Amino acid sequence: MASVSLRLSVEQLIEAIRQLPFEERIKIRKVIDENSREEIERRFDEALRASRAANLEIDEDVLMEEINQAVHEVRAERLAKTSR
């Protein structure tokens, strides 16, 4: 089997992908998603461990209560803006 090697910039690759039919772009997305999932999970776990290590003195239940309160406040503000 013959092989071909090309050097493309990211911009050139993106432009080439944009020119592909929809079905081919979906195939590329699936490959990227599959190959990215592990890295995303690894980075998330690493960030979570670092966050927990930096906040050992904070009780998780108290933190969740504060998070829920903040979410409630933001949602209330957004609702107030859309209700005007």
# chains A, B, ... in the order shown; residues from 1 in each chain; ligands from 1

call {"tool": "select_by_dssp", "arguments": {"residues": "chain A", "states": "alpha helix (DSSP H)", "output": "number ranges by chain"}}
result
A: 10-18, 22-54, 60-83

call {"tool": "residues_around", "arguments": {"residues": "segment 28-40 of chain A", "least_positions_apart": "6", "cutoff": "12 Å", "atoms": "only C-alpha atoms", "output": "list in words"}}
result
Leu13, Ile14, Ala16, Ile17, Arg18, Leu20, Pro21, Phe22, Glu46 and Ala47 of chain A

call {"tool": "atom_distance", "arguments": {"atom1": "atom CA of Lys27 of chain A", "atom2": "atom CA of Asp45 of chain A"}}
result
27.7 Å
